[in-house]
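Engineer: Structure incoming, see below.
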Amino acid sequence: LEDLQAGTGSATIDGVPAPVSIPTARWMAADAQIIPCVLGGNSDILDWGRAKRLFTPAQKLALTERDGGCANGGAPPGMTVVHHLRWWHRDTGPTDLNNGILLCTTCHHRIHDDGWDIHIDGTGTNATVWFIPPPWLDPTQTPRPGGRHRFDLTA
Ligand SMILES: [Zn+2]
């Protein structure tokens, strides 16, 4: 998994005597819809790529760890749904942890209707969520922290 994530090293395939490069292994596995399947601590698959449309309970738990609830307004996790940052149909977005965000219905509509953008810095449960306001609301489009990082102290 480390080699796969780093993109270095080599992989072996049952029945094939020579090792293959990590990019080749990734391509073959993705083609077979085996990955992107990055495994979480309990071996739950957290990145489903295009193999599943709906986020799984394991993914929602991981996102709850990262976002704490609605990443924008702070509503409790039970009141949220997982939103694809790159949309499933429009953008052929994957059902991956880094393409998901917990939003309550109100914030979900507000983000879509008002033209907000969302960026995720980093990966996994320690990633930072940023909300980019639309130009009509903030001409400088200064990113605003979302998720648990809303509560971080700044110097
Ligand atoms: Zn909300």
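Letters A, B, ... mark the chains of the structure tokens in the order given; residue numbers begin at 1 per chain; ligand numbers begin at 1, in order shown.
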Show me, as a VMD selection string, the residues that have an atom within 9 Å of His84 (chain A) when counting only C-alpha atoms, minus same-chain residues fewer than 6 positions from it.
Structural biologist: chain A and resid 55 93 to 96 99 to 101
Engineer: Now that the selection is made, can you save its residues with N, CA, C and O atoms as an mmCIF file, in the first residue's frame?
Structural biologist:
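Ended up saving to result-v3.cif:
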data_model
loop_
_atom_site.group_PDB
_atom_site.id
_atom_site.type_symbol
_atom_site.label_atom_id
_atom_site.label_comp_id
_atom_site.auth_asym_id
_atom_site.auth_seq_id
_atom_site.Cartn_x
_atom_site.Cartn_y
_atom_site.Cartn_z
ATOM 1 N N PHE A 55 -21.635 7.072 -1.013
ATOM 2 C CA PHE A 55 -20.593 6.916 0.002
ATOM 3 C C PHE A 55 -21.047 5.890 1.032
ATOM 4 O O PHE A 55 -22.233 5.795 1.364
ATOM 5 N N GLY A 93 -17.045 12.467 -11.047
ATOM 6 C CA GLY A 93 -16.259 12.478 -9.804
ATOM 7 C C GLY A 93 -16.276 11.128 -9.113
ATOM 8 O O GLY A 93 -17.278 10.409 -9.151
ATOM 9 N N PRO A 94 -15.158 10.743 -8.493
ATOM 10 C CA PRO A 94 -15.074 9.454 -7.810
ATOM 11 C C PRO A 94 -15.707 9.493 -6.420
ATOM 12 O O PRO A 94 -15.833 10.559 -5.821
ATOM 13 N N THR A 95 -16.094 8.325 -5.923
ATOM 14 C CA THR A 95 -16.600 8.212 -4.559
ATOM 15 C C THR A 95 -15.411 7.918 -3.645
ATOM 16 O O THR A 95 -15.255 6.824 -3.119
ATOM 17 N N ASP A 96 -14.550 8.909 -3.535
ATOM 18 C CA ASP A 96 -13.322 8.822 -2.742
ATOM 19 C C ASP A 96 -13.415 9.779 -1.558
ATOM 20 O O ASP A 96 -14.092 10.811 -1.646
ATOM 21 N N ASN A 99 -12.953 13.298 -2.244
ATOM 22 C CA ASN A 99 -13.952 13.923 -3.106
ATOM 23 C C ASN A 99 -15.286 14.039 -2.382
ATOM 24 O O ASN A 99 -16.286 14.370 -2.987
ATOM 25 N N GLY A 100 -15.279 13.761 -1.071
ATOM 26 C CA GLY A 100 -16.508 13.835 -0.288
ATOM 27 C C GLY A 100 -16.429 14.920 0.757
ATOM 28 O O GLY A 100 -15.344 15.298 1.205
ATOM 29 N N ILE A 101 -17.608 15.432 1.136
ATOM 30 C CA ILE A 101 -17.666 16.404 2.225
ATOM 31 C C ILE A 101 -19.030 16.262 2.887
ATOM 32 O O ILE A 101 -20.025 16.005 2.212
#
Engineer: Would you list, as an MDAnalysis selection string, the residues of chain A that end up in alpha helix (DSSP H) under DSSP run on this structure's backbone?
Structural biologist: chainID A and resid 2:6 22:31 57:67 105:114
Engineer: Residues at most 9 Å from ligand 1, using only C-alpha atoms and all ligand atoms? Could they come as a PDB file with N, CA and C atoms, in the first residue's frame?
Structural biologist:
ATOM      1  N   GLY A  69     -19.008  17.075  11.342  1.00  0.00           N
ATOM      2  CA  GLY A  69     -20.442  17.292  11.103  1.00  0.00           C
ATOM      3  C   GLY A  69     -20.518  18.085   9.821  1.00  0.00           C
ATOM      4  N   CYS A  70     -21.551  18.899   9.671  1.00  0.00           N
ATOM      5  CA  CYS A  70     -21.609  19.750   8.467  1.00  0.00           C
ATOM      6  C   CYS A  70     -20.341  20.602   8.438  1.00  0.00           C
ATOM      7  N   ALA A  71     -19.556  20.446   7.368  1.00  0.00           N
ATOM      8  CA  ALA A  71     -18.259  21.127   7.290  1.00  0.00           C
ATOM      9  C   ALA A  71     -18.414  22.635   7.200  1.00  0.00           C
ATOM     10  N   ASN A  72     -19.604  23.094   6.869  1.00  0.00           N
ATOM     11  CA  ASN A  72     -19.823  24.536   6.737  1.00  0.00           C
ATOM     12  C   ASN A  72     -20.478  25.116   7.980  1.00  0.00           C
ATOM     13  N   GLY A  73     -21.613  24.559   8.372  1.00  0.00           N
ATOM     14  CA  GLY A  73     -22.386  25.169   9.450  1.00  0.00           C
ATOM     15  C   GLY A  73     -22.272  24.455  10.779  1.00  0.00           C
ATOM     16  N   GLY A  74     -21.700  23.246  10.799  1.00  0.00           N
ATOM     17  CA  GLY A  74     -21.486  22.538  12.057  1.00  0.00           C
ATOM     18  C   GLY A  74     -22.652  21.695  12.533  1.00  0.00           C
ATOM     19  N   ALA A  75     -23.668  21.488  11.694  1.00  0.00           N
ATOM     20  CA  ALA A  75     -24.772  20.611  12.099  1.00  0.00           C
ATOM     21  C   ALA A  75     -24.217  19.230  12.429  1.00  0.00           C
ATOM     22  N   PRO A  76     -24.866  18.503  13.362  1.00  0.00           N
ATOM     23  CA  PRO A  76     -24.343  17.186  13.749  1.00  0.00           C
ATOM     24  C   PRO A  76     -24.300  16.212  12.568  1.00  0.00           C
ATOM     25  N   MET A  79     -27.284  14.799  10.673  1.00  0.00           N
ATOM     26  CA  MET A  79     -28.086  15.696   9.834  1.00  0.00           C
ATOM     27  C   MET A  79     -27.391  16.002   8.513  1.00  0.00           C
ATOM     28  N   THR A  80     -26.326  15.261   8.223  1.00  0.00           N
ATOM     29  CA  THR A  80     -25.566  15.569   7.011  1.00  0.00           C
ATOM     30  C   THR A  80     -25.693  14.457   5.970  1.00  0.00           C
ATOM     31  N   LEU A 102     -19.045  16.377   4.220  1.00  0.00           N
ATOM     32  CA  LEU A 102     -20.309  16.312   4.938  1.00  0.00           C
ATOM     33  C   LEU A 102     -20.960  17.694   4.909  1.00  0.00           C
ATOM     34  N   LEU A 103     -22.178  17.745   4.436  1.00  0.00           N
ATOM     35  CA  LEU A 103     -22.931  19.003   4.422  1.00  0.00           C
ATOM     36  C   LEU A 103     -24.368  18.715   4.827  1.00  0.00           C
ATOM     37  N   CYS A 104     -24.973  19.640   5.611  1.00  0.00           N
ATOM     38  CA  CYS A 104     -26.401  19.535   5.883  1.00  0.00           C
ATOM     39  C   CYS A 104     -27.139  20.024   4.637  1.00  0.00           C
ATOM     40  N   THR A 105     -28.421  19.753   4.578  1.00  0.00           N
ATOM     41  CA  THR A 105     -29.196  20.093   3.383  1.00  0.00           C
ATOM     42  C   THR A 105     -29.135  21.592   3.083  1.00  0.00           C
ATOM     43  N   THR A 106     -29.260  22.412   4.115  1.00  0.00           N
ATOM     44  CA  THR A 106     -29.244  23.870   3.923  1.00  0.00           C
ATOM     45  C   THR A 106     -27.928  24.321   3.301  1.00  0.00           C
ATOM     46  N   CYS A 107     -26.815  23.862   3.879  1.00  0.00           N
ATOM     47  CA  CYS A 107     -25.507  24.272   3.358  1.00  0.00           C
ATOM     48  C   CYS A 107     -25.258  23.685   1.974  1.00  0.00           C
ATOM     49  N   HIS A 108     -25.727  22.454   1.759  1.00  0.00           N
ATOM     50  CA  HIS A 108     -25.565  21.812   0.451  1.00  0.00           C
ATOM     51  C   HIS A 108     -26.188  22.699  -0.633  1.00  0.00           C
ATOM     52  N   ARG A 110     -26.940  25.901  -0.371  1.00  0.00           N
ATOM     53  CA  ARG A 110     -26.296  27.213  -0.391  1.00  0.00           C
ATOM     54  C   ARG A 110     -24.999  27.151  -1.199  1.00  0.00           C
TER      55      ARG A 110
END
Engineer: List every residue of region 39-111 of chain A that has an atom at most 12 Å from any atom of region 10-30 of chain A, and for each one report the closest atom pair and its distance in Å to one decimal, counting only C-alpha atoms, with rows sorted by chain and then by increasing residue number, as a Markdown table.
Structural biologist:
| residue | atom | partner | partner_atom | distance |
| --- | --- | --- | --- | --- |
| A:Asp47 | CA | A:Ala30 | CA | 11.3 |
| A:Trp48 | CA | A:Ala30 | CA | 9.9 |
| A:Gly49 | CA | A:Ala30 | CA | 8.3 |
| A:Arg50 | CA | A:Ala30 | CA | 9.4 |
| A:Ala51 | CA | A:Ala30 | CA | 9.5 |
| A:Pro94 | CA | A:Ala30 | CA | 11.8 |
Engineer: May I have the selected residues written with N, CA and C atoms, as a PDB file, in the first residue's frame?
Structural biologist:
ATOM      1  N   ASP A  47     -11.716   4.690  -0.575  1.00  0.00           N
ATOM      2  CA  ASP A  47     -11.746   5.292  -1.911  1.00  0.00           C
ATOM      3  C   ASP A  47     -12.309   4.263  -2.875  1.00  0.00           C
ATOM      4  N   TRP A  48     -13.496   4.526  -3.379  1.00  0.00           N
ATOM      5  CA  TRP A  48     -14.167   3.565  -4.257  1.00  0.00           C
ATOM      6  C   TRP A  48     -14.070   3.940  -5.719  1.00  0.00           C
ATOM      7  N   GLY A  49     -13.498   5.092  -6.024  1.00  0.00           N
ATOM      8  CA  GLY A  49     -13.429   5.492  -7.423  1.00  0.00           C
ATOM      9  C   GLY A  49     -14.812   5.575  -8.032  1.00  0.00           C
ATOM     10  N   ARG A  50     -14.974   4.989  -9.205  1.00  0.00           N
ATOM     11  CA  ARG A  50     -16.274   5.021  -9.885  1.00  0.00           C
ATOM     12  C   ARG A  50     -17.043   3.719  -9.664  1.00  0.00           C
ATOM     13  N   ALA A  51     -16.537   2.832  -8.794  1.00  0.00           N
ATOM     14  CA  ALA A  51     -17.175   1.535  -8.598  1.00  0.00           C
ATOM     15  C   ALA A  51     -18.472   1.646  -7.789  1.00  0.00           C
ATOM     16  N   PRO A  94     -15.158  10.743  -8.493  1.00  0.00           N
ATOM     17  CA  PRO A  94     -15.074   9.454  -7.810  1.00  0.00           C
ATOM     18  C   PRO A  94     -15.707   9.493  -6.420  1.00  0.00           C
TER      19      PRO A  94
END
Engineer: Show me a table, sorted first by chain and then by increasing residue number, of the residues of region 81-116 of chain A having an atom at most 8 Å from region 130-153 of chain A, each with its shortest atom pair and the distance in Å to one decimal, counting only C-alpha atoms and written as a Markdown table.
Structural biologist:
| residue | atom | partner | partner_atom | distance |
| --- | --- | --- | --- | --- |
| A:Asp114 | CA | A:Pro134 | CA | 7.0 |
| A:Gly115 | CA | A:Pro134 | CA | 5.5 |
| A:Trp116 | CA | A:Pro133 | CA | 5.0 |
Engineer: Contacts of Gly124 (chain A) at 10 Å or less, counting only C-alpha atoms, minus same-chain residues fewer than 4 places along, as a PyMOL selection string?
Structural biologist: chain A and resi 38+40+46+62-63+65-66+97-98+120+128
Engineer: Using N, CA and C atoms, can you write the selected residues to a file as a PDB file, in the first residue's frame?
Structural biologist:
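The file below, out13.pdb, is the result:
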ATOM      1  N   VAL A  38      -8.202   2.718  -1.299  1.00  0.00           N
ATOM      2  CA  VAL A  38      -7.242   2.943  -0.228  1.00  0.00           C
ATOM      3  C   VAL A  38      -7.884   2.480   1.062  1.00  0.00           C
ATOM      4  N   GLY A  40      -8.622   2.006   5.048  1.00  0.00           N
ATOM      5  CA  GLY A  40      -8.578   2.703   6.322  1.00  0.00           C
ATOM      6  C   GLY A  40      -8.043   1.787   7.408  1.00  0.00           C
ATOM      7  N   LEU A  46     -11.886   3.150   1.648  1.00  0.00           N
ATOM      8  CA  LEU A  46     -12.294   4.552   1.773  1.00  0.00           C
ATOM      9  C   LEU A  46     -12.313   5.274   0.433  1.00  0.00           C
ATOM     10  N   ALA A  62     -15.239   8.271   8.460  1.00  0.00           N
ATOM     11  CA  ALA A  62     -13.954   8.953   8.251  1.00  0.00           C
ATOM     12  C   ALA A  62     -14.170  10.441   8.002  1.00  0.00           C
ATOM     13  N   LEU A  63     -15.204  10.767   7.232  1.00  0.00           N
ATOM     14  CA  LEU A  63     -15.493  12.177   6.956  1.00  0.00           C
ATOM     15  C   LEU A  63     -15.974  12.884   8.220  1.00  0.00           C
ATOM     16  N   GLU A  65     -14.867  12.212  11.132  1.00  0.00           N
ATOM     17  CA  GLU A  65     -13.614  12.477  11.843  1.00  0.00           C
ATOM     18  C   GLU A  65     -12.963  13.755  11.301  1.00  0.00           C
ATOM     19  N   ARG A  66     -12.988  13.920   9.988  1.00  0.00           N
ATOM     20  CA  ARG A  66     -12.346  15.094   9.380  1.00  0.00           C
ATOM     21  C   ARG A  66     -13.191  16.359   9.530  1.00  0.00           C
ATOM     22  N   LEU A  97     -12.672   9.453  -0.505  1.00  0.00           N
ATOM     23  CA  LEU A  97     -12.698  10.287   0.691  1.00  0.00           C
ATOM     24  C   LEU A  97     -12.413  11.747   0.344  1.00  0.00           C
ATOM     25  N   ASN A  98     -11.403  11.983  -0.467  1.00  0.00           N
ATOM     26  CA  ASN A  98     -11.026  13.363  -0.780  1.00  0.00           C
ATOM     27  C   ASN A  98     -11.971  14.046  -1.759  1.00  0.00           C
ATOM     28  N   ILE A 120      -9.906  20.713  -0.732  1.00  0.00           N
ATOM     29  CA  ILE A 120      -9.426  19.871   0.352  1.00  0.00           C
ATOM     30  C   ILE A 120      -7.902  19.871   0.264  1.00  0.00           C
ATOM     31  N   THR A 128      -7.540  19.405   5.404  1.00  0.00           N
ATOM     32  CA  THR A 128      -8.207  20.660   5.741  1.00  0.00           C
ATOM     33  C   THR A 128      -9.179  21.040   4.634  1.00  0.00           C
TER      34      THR A 128
END
Engineer: Enter the distance from CA of Gly78 (chain A) to CA of Pro57 (chain A), in Å, rounded to one decimal.
Structural biologist: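 Between CA of Gly78 (chain A) and CA of Pro57 (chain A) the gap works out to 11.6 Å.
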Engineer: Give me, as a ChimeraX atom specification, the residues of chain A that a backbone DSSP run labels strand (DSSP E or B).
Structural biologist: /A:10-13,16-21,39,45,47,80-84,96,100-104,117-121,128-132,144-146
Engineer: To one decimal in Å, tell me the separation between CA of Gly68 (chain A) and CA of Ile111 (chain A).
Structural biologist: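 It comes out at 17.9 Å.
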